[in-house]
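To be precise, the following lines are target07.txt, and they hold compact mmCIF, C-alpha atoms.
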```txt
# COMPACT_ATOMS: atom_id res chain seq x y z
CA MET A 1 4.36 10.75 15.93
CA SER A 2 5.20 7.23 17.02
CA GLU A 3 6.65 4.68 14.64
CA LEU A 4 3.53 2.55 15.07
CA ARG A 5 1.20 5.39 14.05
CA VAL A 6 3.32 6.18 11.00
CA PHE A 7 3.08 2.63 9.73
CA ILE A 8 -0.64 2.40 10.54
CA ALA A 9 -1.06 5.51 8.39
CA LEU A 10 1.09 3.96 5.64
CA GLY A 11 -1.02 0.77 5.57
CA PHE A 12 -4.28 2.71 5.64
CA HIS A 13 -3.12 5.01 2.85
CA HIS A 14 -1.95 2.03 0.80
CA ILE A 15 -5.29 0.24 0.83
CA THR A 16 -7.60 3.27 0.50
CA ASP A 17 -5.60 4.93 -2.26
CA LEU A 18 -7.57 4.86 -5.51
CA GLY A 19 -4.41 3.53 -7.13
CA ALA A 20 -4.95 0.31 -5.18
CA MET A 21 -7.55 -0.94 -7.62
CA ASP A 22 -6.48 -4.58 -7.43
CA HIS A 23 -7.01 -4.73 -3.67
CA ILE A 24 -10.13 -2.54 -3.74
CA LEU A 25 -11.74 -4.65 -6.45
CA PHE A 26 -10.86 -7.83 -4.56
CA LEU A 27 -12.66 -6.44 -1.51
CA LEU A 28 -15.59 -5.42 -3.73
CA ALA A 29 -15.79 -8.96 -5.13
CA LEU A 30 -15.70 -10.41 -1.60
CA ALA A 31 -18.44 -8.00 -0.45
CA ALA A 32 -20.66 -8.36 -3.54
CA ILE A 33 -22.73 -11.23 -2.14
CA TYR A 34 -23.62 -9.59 1.16
CA ARG A 35 -26.51 -7.35 2.14
CA ALA A 36 -25.90 -4.55 4.65
CA SER A 37 -27.48 -6.78 7.31
CA ASP A 38 -24.74 -9.38 6.63
CA TRP A 39 -21.97 -6.99 7.70
CA ARG A 40 -20.65 -9.39 10.33
CA ARG A 41 -20.02 -12.08 7.71
CA GLY A 42 -18.34 -9.54 5.46
CA LEU A 43 -16.15 -8.31 8.29
CA TRP A 44 -15.21 -11.90 9.17
CA VAL A 45 -14.18 -12.63 5.58
CA VAL A 46 -12.14 -9.41 5.31
CA THR A 47 -10.45 -10.14 8.64
CA ALA A 48 -9.53 -13.63 7.39
CA PHE A 49 -7.97 -11.92 4.38
CA THR A 50 -5.97 -9.70 6.74
CA VAL A 51 -4.75 -12.70 8.73
CA GLY A 52 -3.63 -14.38 5.51
CA HIS A 53 -1.70 -11.42 4.16
CA SER A 54 -0.19 -10.73 7.59
CA ILE A 55 1.33 -14.22 7.61
CA THR A 56 3.06 -13.98 4.23
CA LEU A 57 4.03 -10.37 4.82
CA ALA A 58 5.82 -11.37 8.03
CA LEU A 59 7.46 -14.43 6.45
CA ALA A 60 8.66 -12.53 3.39
CA VAL A 61 9.82 -9.34 5.13
CA THR A 62 11.81 -11.28 7.71
CA GLY A 63 13.39 -13.34 4.93
CA ALA A 64 11.89 -16.64 6.10
CA VAL A 65 10.59 -17.28 2.59
CA THR A 66 11.48 -15.80 -0.78
CA LEU A 67 8.61 -15.24 -3.12
CA PRO A 68 8.89 -14.78 -6.89
CA THR A 69 7.55 -11.31 -7.66
CA ALA A 70 6.34 -12.08 -11.18
CA LEU A 71 4.35 -15.12 -10.05
CA ILE A 72 2.79 -13.23 -7.13
CA GLU A 73 1.81 -10.28 -9.33
CA PHE A 74 0.12 -12.78 -11.66
CA LEU A 75 -1.64 -14.68 -8.87
CA ILE A 76 -3.19 -11.56 -7.31
CA PRO A 77 -5.65 -10.97 -10.19
CA VAL A 78 -6.19 -14.75 -10.40
CA THR A 79 -7.54 -14.68 -6.83
CA ILE A 80 -9.89 -11.87 -7.84
CA VAL A 81 -11.17 -13.87 -10.80
CA ALA A 82 -11.62 -16.96 -8.61
CA THR A 83 -13.66 -14.93 -6.10
CA CYS A 84 -15.89 -13.63 -8.89
CA VAL A 85 -16.35 -17.12 -10.33
CA GLU A 86 -17.41 -18.38 -6.90
CA ASN A 87 -19.85 -15.45 -6.63
CA LEU A 88 -21.37 -16.39 -9.97
CA ALA A 89 -21.36 -20.15 -9.48
CA VAL A 90 -23.18 -20.27 -6.14
CA ARG A 91 -26.69 -19.04 -6.90
CA ASP A 92 -28.25 -20.03 -3.59
CA ARG A 93 -26.06 -19.15 -0.60
CA ALA A 94 -28.34 -21.05 1.78
CA ARG A 95 -27.44 -24.25 -0.09
CA ALA A 96 -23.77 -23.51 -0.59
CA PRO A 97 -21.34 -26.27 0.47
CA TRP A 98 -20.61 -26.21 4.22
CA GLY A 99 -23.14 -23.41 4.54
CA GLY A 100 -20.73 -21.04 2.80
CA ARG A 101 -18.31 -21.22 5.72
CA TYR A 102 -15.45 -21.90 3.30
CA ARG A 103 -15.39 -18.25 2.21
CA PRO A 104 -13.27 -17.01 5.13
CA VAL A 105 -10.87 -19.89 4.43
CA PHE A 106 -10.65 -18.87 0.77
CA ALA A 107 -10.20 -15.25 1.77
CA GLY A 108 -7.40 -16.25 4.13
CA VAL A 109 -5.64 -18.31 1.46
CA PHE A 110 -6.01 -15.52 -1.08
CA GLY A 111 -4.72 -13.13 1.56
CA LEU A 112 -1.51 -15.16 1.62
CA VAL A 113 -1.01 -14.22 -2.04
CA HIS A 114 -1.86 -10.52 -1.58
CA GLY A 115 0.44 -10.31 1.45
CA ALA A 116 3.30 -11.55 -0.67
CA GLY A 117 2.54 -8.68 -3.04
CA PHE A 118 2.82 -6.14 -0.21
CA ALA A 119 6.00 -7.77 1.00
CA ASN A 120 7.78 -7.44 -2.30
CA TYR A 121 7.75 -3.68 -1.81
CA LEU A 122 8.12 -3.45 1.96
CA LYS A 123 11.01 -5.82 2.41
CA SER A 124 13.29 -3.69 0.26
CA LEU A 125 12.78 -0.62 2.39
CA PHE A 126 12.61 -1.84 5.96
CA VAL A 127 15.20 -3.82 7.82
CA ALA A 128 15.30 -5.09 11.40
CA PRO A 129 13.77 -4.38 13.83
CA ILE A 130 10.71 -4.97 11.69
CA ALA A 131 8.06 -5.93 14.28
CA VAL A 132 6.55 -2.48 14.89
CA PRO A 133 6.45 -1.41 11.19
CA LEU A 134 4.97 -4.77 10.23
CA PHE A 135 2.33 -4.71 12.95
CA GLY A 136 1.41 -1.09 12.23
CA PHE A 137 1.20 -1.66 8.48
CA ASN A 138 -1.18 -4.60 8.99
CA ILE A 139 -3.38 -2.65 11.41
CA GLY A 140 -3.55 0.17 8.85
CA ILE A 141 -4.44 -2.29 6.08
CA GLU A 142 -7.25 -3.78 8.20
CA ALA A 143 -8.63 -0.33 9.09
CA GLY A 144 -8.46 0.70 5.44
CA GLN A 145 -10.27 -2.46 4.39
CA ILE A 146 -13.09 -1.76 6.83
CA VAL A 147 -13.46 1.72 5.32
CA VAL A 148 -13.47 0.27 1.78
CA LEU A 149 -16.01 -2.34 2.89
CA ALA A 150 -18.28 0.35 4.36
CA VAL A 151 -18.12 2.42 1.18
CA ALA A 152 -18.72 -0.72 -0.91
CA ALA A 153 -21.77 -1.60 1.22
CA GLY A 154 -23.23 1.83 0.55
CA LEU A 155 -22.57 1.60 -3.19
CA LEU A 156 -23.94 -1.94 -3.43
CA GLY A 157 -27.05 -0.93 -1.48
CA GLY A 158 -27.55 1.93 -3.94
CA LEU A 159 -27.14 -0.46 -6.84
CA ASP A 160 -29.80 -2.74 -5.31
CA ARG A 161 -32.26 0.13 -5.17
CA VAL A 162 -31.55 1.07 -8.77
CA LEU A 163 -32.06 -2.51 -9.91
CA ALA A 164 -35.30 -2.75 -7.94
CA ARG A 165 -36.62 0.42 -9.58
CA LEU A 166 -35.66 -0.90 -12.98
CA GLY A 167 -38.04 -3.77 -12.37
CA ALA A 168 -35.67 -6.52 -11.40
CA ALA A 169 -38.55 -8.15 -9.54
CA ARG A 170 -40.22 -8.90 -12.86
CA LEU A 171 -37.14 -10.71 -14.01
CA ALA A 172 -36.17 -14.23 -13.03
CA SER A 173 -33.53 -13.06 -10.54
CA SER A 174 -33.64 -11.03 -7.36
CA PRO A 175 -31.98 -7.58 -7.24
CA LEU A 176 -29.28 -9.13 -5.04
CA ARG A 177 -28.53 -11.83 -7.61
CA LEU A 178 -28.46 -9.28 -10.41
CA ARG A 179 -26.08 -7.15 -8.38
CA VAL A 180 -23.80 -10.13 -7.70
CA VAL A 181 -23.74 -11.02 -11.40
CA ALA A 182 -23.16 -7.43 -12.55
CA VAL A 183 -20.38 -6.64 -10.07
CA SER A 184 -18.67 -10.02 -10.37
CA ALA A 185 -18.74 -10.01 -14.17
CA VAL A 186 -17.21 -6.52 -14.45
CA VAL A 187 -14.54 -7.20 -11.81
CA ALA A 188 -13.73 -10.61 -13.31
CA VAL A 189 -13.18 -9.14 -16.77
CA LEU A 190 -10.83 -6.47 -15.41
CA ALA A 191 -8.90 -8.92 -13.25
CA ALA A 192 -8.63 -11.46 -16.07
CA ARG A 193 -7.05 -8.79 -18.23
CA TRP A 194 -4.54 -7.97 -15.46
CA ALA A 195 -3.75 -11.68 -15.13
CA VAL A 196 -3.07 -11.98 -18.85
CA GLU A 197 -0.88 -8.86 -18.82
CA ARG A 198 1.09 -10.06 -15.79
CA SER A 199 1.46 -13.64 -16.92
CA PRO A 200 5.06 -14.74 -16.36
CA TRP A 201 4.81 -17.26 -19.20
CA MET B 1 -7.34 7.50 -21.98
CA ARG B 2 -10.34 5.13 -22.00
CA PRO B 3 -11.86 4.14 -18.64
CA LEU B 4 -10.79 0.51 -18.99
CA ALA B 5 -7.25 1.58 -19.84
CA VAL B 6 -7.22 3.79 -16.74
CA LEU B 7 -8.27 0.86 -14.54
CA VAL B 8 -5.65 -1.41 -16.08
CA TRP B 9 -2.99 1.21 -15.42
CA LEU B 10 -4.17 1.69 -11.84
CA ALA B 11 -3.97 -2.04 -11.18
CA ALA B 12 -0.19 -1.91 -11.19
CA HIS B 13 0.05 -0.91 -7.56
CA PRO B 14 3.51 -0.55 -6.14
CA LEU B 15 4.09 1.04 -2.78
CA HIS B 16 5.68 4.43 -3.50
CA THR B 17 7.66 5.02 -0.33
CA THR B 18 11.04 6.26 0.78
CA LEU B 19 12.57 5.94 4.21
CA THR B 20 14.85 8.65 5.62
CA GLU B 21 16.74 7.94 8.83
CA LEU B 22 18.14 10.86 10.82
CA THR B 23 20.66 9.82 13.45
CA TRP B 24 22.16 12.50 15.67
CA ARG B 25 25.69 11.82 16.90
CA PRO B 26 26.35 13.94 20.01
CA SER B 27 30.08 13.24 19.88
CA GLY B 28 30.44 15.01 16.53
CA GLY B 29 27.48 17.34 16.89
CA ALA B 30 26.21 16.16 13.52
CA VAL B 31 23.24 14.34 12.07
CA GLU B 32 23.74 11.46 9.68
CA ILE B 33 21.03 11.18 7.05
CA SER B 34 20.36 7.94 5.21
CA VAL B 35 17.74 7.96 2.48
CA ARG B 36 16.46 4.65 1.10
CA ALA B 37 14.65 4.87 -2.20
CA PHE B 38 13.84 2.51 -5.03
CA ALA B 39 16.62 2.91 -7.56
CA ASP B 40 14.44 3.12 -10.66
CA ASP B 41 12.23 5.84 -9.22
CA PHE B 42 15.05 7.90 -7.75
CA ARG B 43 17.29 7.66 -10.77
CA ALA B 44 14.47 8.80 -13.01
CA ALA B 45 13.59 11.73 -10.73
CA ALA B 46 17.18 12.85 -10.21
CA ALA B 47 18.23 12.41 -13.81
CA SER B 48 15.13 13.74 -15.55
CA SER B 49 15.94 17.32 -14.73
CA ARG B 50 19.70 17.22 -14.36
CA GLY B 51 21.24 14.61 -16.61
CA THR B 52 22.73 11.70 -14.65
CA LEU B 53 22.29 10.27 -11.16
CA ASP B 54 25.78 11.31 -10.07
CA SER B 55 25.30 14.93 -11.07
CA GLY B 56 21.64 15.10 -10.16
CA ALA B 57 21.28 13.23 -6.87
CA VAL B 58 22.84 15.84 -4.62
CA ALA B 59 20.96 18.72 -6.18
CA TYR B 60 17.70 16.77 -6.12
CA LEU B 61 18.16 15.81 -2.46
CA ARG B 62 19.02 19.38 -1.44
CA GLU B 63 15.96 20.63 -3.27
CA ARG B 64 13.58 18.01 -1.84
CA LEU B 65 14.98 17.36 1.63
CA THR B 66 14.88 20.27 4.06
CA LEU B 67 16.38 20.28 7.54
CA VAL B 68 16.30 23.37 9.78
CA ASP B 69 17.33 23.80 13.40
CA ALA B 70 15.00 24.78 16.22
CA ALA B 71 15.59 28.45 15.40
CA GLY B 72 14.57 27.90 11.79
CA GLN B 73 18.07 28.16 10.35
CA PRO B 74 18.71 25.75 7.45
CA LEU B 75 21.25 23.02 8.15
CA PRO B 76 23.48 22.67 5.07
CA LEU B 77 23.54 19.11 3.72
CA VAL B 78 26.88 17.55 2.83
CA TRP B 79 26.93 14.65 0.39
CA CYS B 80 28.67 11.48 1.61
CA GLY B 81 27.90 8.99 -1.13
CA VAL B 82 25.51 6.40 -2.46
CA LYS B 83 25.43 2.61 -2.65
CA GLN B 84 22.99 0.23 -4.24
CA THR B 85 21.71 -3.10 -2.92
CA ALA B 86 19.37 -4.99 -5.23
CA ASP B 87 16.75 -2.48 -6.35
CA LEU B 88 17.39 -0.02 -3.53
CA LEU B 89 19.59 3.08 -3.31
CA TRP B 90 21.11 4.13 0.01
CA LEU B 91 21.90 7.84 -0.20
CA CYS B 92 24.08 9.41 2.48
CA LEU B 93 24.12 13.02 3.69
CA ARG B 94 25.47 14.73 6.80
CA ALA B 95 24.67 18.02 8.48
CA ALA B 96 26.23 19.87 11.38
CA ALA B 97 23.71 20.07 14.23
CA PRO B 98 25.54 20.95 17.44
CA ARG B 99 22.28 21.60 19.32
CA GLY B 100 20.72 18.28 18.38
CA LEU B 101 17.43 17.57 16.65
CA ALA B 102 14.93 18.55 19.38
CA GLY B 103 12.67 21.16 17.80
CA ALA B 104 14.31 20.76 14.39
CA GLY B 105 12.15 21.07 11.28
CA VAL B 106 12.11 18.42 8.56
CA ARG B 107 10.50 18.21 5.15
CA VAL B 108 11.03 15.29 2.77
CA ALA B 109 9.36 15.90 -0.58
CA LEU B 110 11.19 13.21 -2.55
CA LEU B 111 9.37 11.86 -5.60
CA PHE B 112 6.22 13.93 -5.04
CA ASP B 113 6.95 15.21 -8.53
CA ARG B 114 6.52 11.68 -9.88
CA TYR B 115 3.75 9.98 -7.88
CA ASP B 116 0.53 11.32 -6.39
CA ASP B 117 0.51 8.52 -3.81
CA GLN B 118 4.14 8.96 -2.76
CA ILE B 119 4.70 8.64 1.01
CA ASN B 120 7.99 9.57 2.65
CA ILE B 121 8.74 8.29 6.13
CA VAL B 122 11.29 9.85 8.45
CA GLN B 123 12.69 8.07 11.49
CA ALA B 124 14.78 10.29 13.75
CA SER B 125 16.98 9.05 16.60
CA TYR B 126 18.35 11.69 18.97
CA ALA B 127 18.91 12.27 22.67
CA GLY B 128 17.73 8.76 23.56
CA ARG B 129 14.43 9.04 21.74
CA LYS B 130 13.05 7.78 18.45
CA GLU B 131 10.46 9.81 16.56
CA SER B 132 8.76 9.23 13.21
CA LEU B 133 7.22 11.59 10.69
CA LEU B 134 5.16 10.85 7.60
CA PHE B 135 5.04 13.12 4.56
CA ALA B 136 2.41 12.99 1.83
CA ARG B 137 2.13 15.31 -1.14
CA GLY B 138 1.34 18.85 0.00
CA ASP B 139 2.82 18.48 3.48
CA GLY B 140 5.10 21.27 4.65
CA LEU B 141 7.83 21.44 7.26
CA LYS B 142 7.19 19.30 10.37
CA ARG B 143 8.89 19.77 13.72
CA LEU B 144 10.50 17.03 15.78
CA PRO B 145 9.45 17.19 19.45
```

Step by step, read the file and then write its structure as structure tokens.
Amino acid sequence: MSELRVFIALGFHHITDLGAMDHILFLLALAAIYRASDWRRGLWVVTAFTVGHSITLALAVTGAVTLPTALIEFLIPVTIVATCVENLAVRDRARAPWGGRYRPVFAGVFGLVHGAGFANYLKSLFVAPIAVPLFGFNIGIEAGQIVVLAVAAGLLGGLDRVLARLGAARLASSPLRLRVVAVSAVVAVLAARWAVERSPW
Amino acid sequence: MRPLAVLVWLAAHPLHTTLTELTWRPSGGAVEISVRAFADDFRAAAASSRGTLDSGAVAYLRERLTLVDAAGQPLPLVWCGVKQTADLLWLCLRAAAPRGLAGAGVRVALLFDRYDDQINIVQASYAGRKESLLFARGDGLKRLP
């Protein structure tokens, strides 16, 4: 097995492992507002997240920047809460500021934080030459995120059907809006608790 | 454990990984083995069953790290020390391998007893080539090409 394939497998395993609830729930929060037909937008947002975490991962692993572990571990759930708050605050995506095009930018910025979290573990284990492990790990993360996104799309679609059968149409909100509120509220509560527990202050 | 408590526990998401480098030195006909592991995890694993790190590390490594030659004969591991940098342990072993590592079998089962998501990576350098292996829980012996 080549070194590249090993680190692709490591990144894929890291993101799809059920122990990775912080990253999985972040992806779920990002995906919560999209229908299956919006998969391109979802993929674009997730890819922006990958670009963001690739940048900090590279900077931290190569020693270009030093990141405080406690602060990063606190900021990761904060980004999840912020994503959920944005989901809840913007009721009409068609009228969102800048047509909602800020979401990939947010995802990229939040990816910077999550990448620092990855780096705090990787940089201890791997020393130069780091290019191949770093590249492979990021490819694996991206592939894993696409798998998580596909599974999330299926689950969210199922939730839409359940809400529709429960008579969501008779309520003031659409099944999609109910889904966004339900998913975002649950994820926000969990992430807020993590943030409190990891608070460095 | 309540569902919420389980999710809170799962949120703490470190990367459970060790890196084992196998470097074959043709001049001495031996392979140098360097294992990098997070100190907290390794100390707990090595000491939990055998007292202290010093007394337990060698036995734990011999139990969890297997190296056999191309004919399937085990290569005895000789301890050559440990050093710590920051939160990382660098554990050193050597083994006589006059025929090199081509076709040799490797199994690294470190810390599988502690973490379900443990991944152990092996990077082997021998005869001008560099090969990598990845071990997850349940994996058996793997052969180097």

Can you tell me, as a compact mmCIF listing (two decimals) with C-alpha atoms, keeping the file's coordinate frame, what residues are no more than 8 Å from segment 73-85 of chain B when counting only C-alpha atoms, ignoring any on the same chain fewer than 6 positions away?
```txt
# COMPACT_ATOMS: atom_id res chain seq x y z
CA ALA B 39 16.62 2.91 -7.56
CA VAL B 58 22.84 15.84 -4.62
CA ARG B 62 19.02 19.38 -1.44
CA THR B 66 14.88 20.27 4.06
CA LEU B 67 16.38 20.28 7.54
CA LEU B 91 21.90 7.84 -0.20
CA CYS B 92 24.08 9.41 2.48
CA LEU B 93 24.12 13.02 3.69
CA ARG B 94 25.47 14.73 6.80
CA ALA B 95 24.67 18.02 8.48
CA ALA B 96 26.23 19.87 11.38
CA ALA B 97 23.71 20.07 14.23
```

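When only C-alpha atoms are used to compute distances to Ala71 of chain B, the closest of the residues B:Leu101, B:Ala44, B:Ala109, B:Ala59 turns out to be B:Leu101.
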
Sorted by chain and rising residue number, which residues of chain A lie within 12 Å of chain B, and what are their closest atom pairs and distances in Å to one decimal, counting only C-alpha atoms, as a tab-separated table?
```
residue	atom	partner	partner_atom	distance
A:Met1	CA	B:Ser132	CA	5.4
A:Ser2	CA	B:Ser132	CA	5.6
A:Glu3	CA	B:Ser132	CA	5.2
A:Leu4	CA	B:Ser132	CA	8.7
A:Arg5	CA	B:Ser132	CA	8.5
A:Val6	CA	B:Leu134	CA	6.1
A:Phe7	CA	B:Leu134	CA	8.7
A:Ile8	CA	B:Leu134	CA	10.7
A:Ala9	CA	B:Leu134	CA	8.2
A:Leu10	CA	B:Ile119	CA	7.5
A:Gly11	CA	B:Leu15	CA	9.8
A:Phe12	CA	B:Ile119	CA	11.7
A:His13	CA	B:Asp117	CA	8.4
A:His14	CA	B:Leu15	CA	7.1
A:Ile15	CA	B:His13	CA	10.0
A:Thr16	CA	B:Asp117	CA	10.6
A:Asp17	CA	B:Asp117	CA	7.3
A:Leu18	CA	B:Leu10	CA	7.9
A:Gly19	CA	B:Leu10	CA	5.1
A:Ala20	CA	B:His13	CA	5.7
A:Met21	CA	B:Ala11	CA	5.2
A:Asp22	CA	B:Ala11	CA	5.2
A:His23	CA	B:Ala11	CA	8.5
A:Ile24	CA	B:Ala11	CA	9.7
A:Leu25	CA	B:Ala11	CA	9.5
A:Phe26	CA	B:Ala11	CA	11.2
A:Thr69	CA	B:Pro14	CA	11.6
A:Glu73	CA	B:Ala12	CA	8.8
A:Phe74	CA	B:Ala12	CA	10.9
A:Ile76	CA	B:Ala11	CA	10.3
A:Pro77	CA	B:Ala11	CA	9.1
A:Ile80	CA	B:Ala11	CA	12.0
A:His114	CA	B:His13	CA	11.5
A:Gly117	CA	B:Pro14	CA	8.8
A:Phe118	CA	B:Leu15	CA	7.7
A:Ala119	CA	B:Leu15	CA	9.8
A:Asn120	CA	B:Pro14	CA	9.0
A:Tyr121	CA	B:Leu15	CA	6.1
A:Leu122	CA	B:Leu15	CA	7.7
A:Lys123	CA	B:Leu88	CA	10.5
A:Ser124	CA	B:Leu88	CA	6.7
A:Leu125	CA	B:Arg36	CA	6.6
A:Phe126	CA	B:Leu19	CA	8.0
A:Val127	CA	B:Leu19	CA	10.7
A:Pro133	CA	B:Ser132	CA	11.1
A:Phe137	CA	B:Leu15	CA	11.9
A:Val186	CA	B:Leu4	CA	10.5
A:Val187	CA	B:Leu7	CA	10.6
A:Val189	CA	B:Leu4	CA	10.2
A:Leu190	CA	B:Val8	CA	7.3
A:Ala191	CA	B:Val8	CA	8.7
A:Ala192	CA	B:Val8	CA	10.5
A:Arg193	CA	B:Val8	CA	7.8
A:Trp194	CA	B:Val8	CA	6.7
A:Ala195	CA	B:Ala11	CA	10.4
A:Val196	CA	B:Val8	CA	11.2
A:Glu197	CA	B:Val8	CA	9.3
A:Arg198	CA	B:Ala12	CA	9.4
```

For Leu176 of chain A, please output as a ChimeraX atom specification all residues within 10 Å (counting only C-alpha atoms; exclusion window: fewer than 3 positions along the same chain). /A:32-35,156-157,159-161,163-164,168,173,179-182

I need the residues from that last selection saved to file as a tab-separated table (two decimals), in the coordinates of the input (with C-alpha atoms), if you can.
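Final output, selection_28.tsv:
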```tsv
chain	number	residue	atom	x	y	z
A	32	ALA	CA	-20.66	-8.36	-3.54
A	33	ILE	CA	-22.73	-11.23	-2.14
A	34	TYR	CA	-23.62	-9.59	1.16
A	35	ARG	CA	-26.51	-7.35	2.14
A	156	LEU	CA	-23.94	-1.94	-3.43
A	157	GLY	CA	-27.05	-0.93	-1.48
A	159	LEU	CA	-27.14	-0.46	-6.84
A	160	ASP	CA	-29.80	-2.74	-5.31
A	161	ARG	CA	-32.26	0.13	-5.17
A	163	LEU	CA	-32.06	-2.51	-9.91
A	164	ALA	CA	-35.30	-2.75	-7.94
A	168	ALA	CA	-35.67	-6.52	-11.40
A	173	SER	CA	-33.53	-13.06	-10.54
A	179	ARG	CA	-26.08	-7.15	-8.38
A	180	VAL	CA	-23.80	-10.13	-7.70
A	181	VAL	CA	-23.74	-11.02	-11.40
A	182	ALA	CA	-23.16	-7.43	-12.55
```

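Take atom CA of Val162 of chain A and atom CA of Ala36 of chain A: the distance between them is 15.6 Å.
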
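Distances here use all atoms listed in the file; by that measure, the residue among A:Ser174, A:Thr83, A:Gln145, A:Asn138 closest to Leu43 of chain A is A:Gln145.
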
With 6 Å added on each side, what axis-aligned box encloses every listed atom of segment 103-120 of chain B? Give the centre and edge lengths in Å to one decimal, as AutoDock Vina command-line options.
```
--center_x 7.4 --center_y 14.8 --center_z 4.0 --size_x 25.8 --size_y 24.6 --size_z 39.7
```

Could you list, as JSON, numbers by chain, every residue within 8 Å of Ala31 of chain A, counting all atoms listed in the file and ignoring same-chain residues fewer than 2 positions away? {"A": [27, 28, 29, 33, 34, 42, 149, 152, 153]}

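Across the structure, atom CA of Leu134 of chain A and atom CA of Ile72 of chain A are spaced 19.4 Å apart.
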
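Interatomic distance, atom CA of Ala107 of chain A to atom CA of Phe49 of chain A: 4.8 Å.
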
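Excluding Val109 of chain A itself and any same-chain residue fewer than 3 positions from it, the protein and nucleic acid residues within 9 Å of it, counting only C-alpha atoms, are Ala48, Phe49, Gly52, His53, Pro104, Val105, Phe106, Leu112 and Val113 of chain A.
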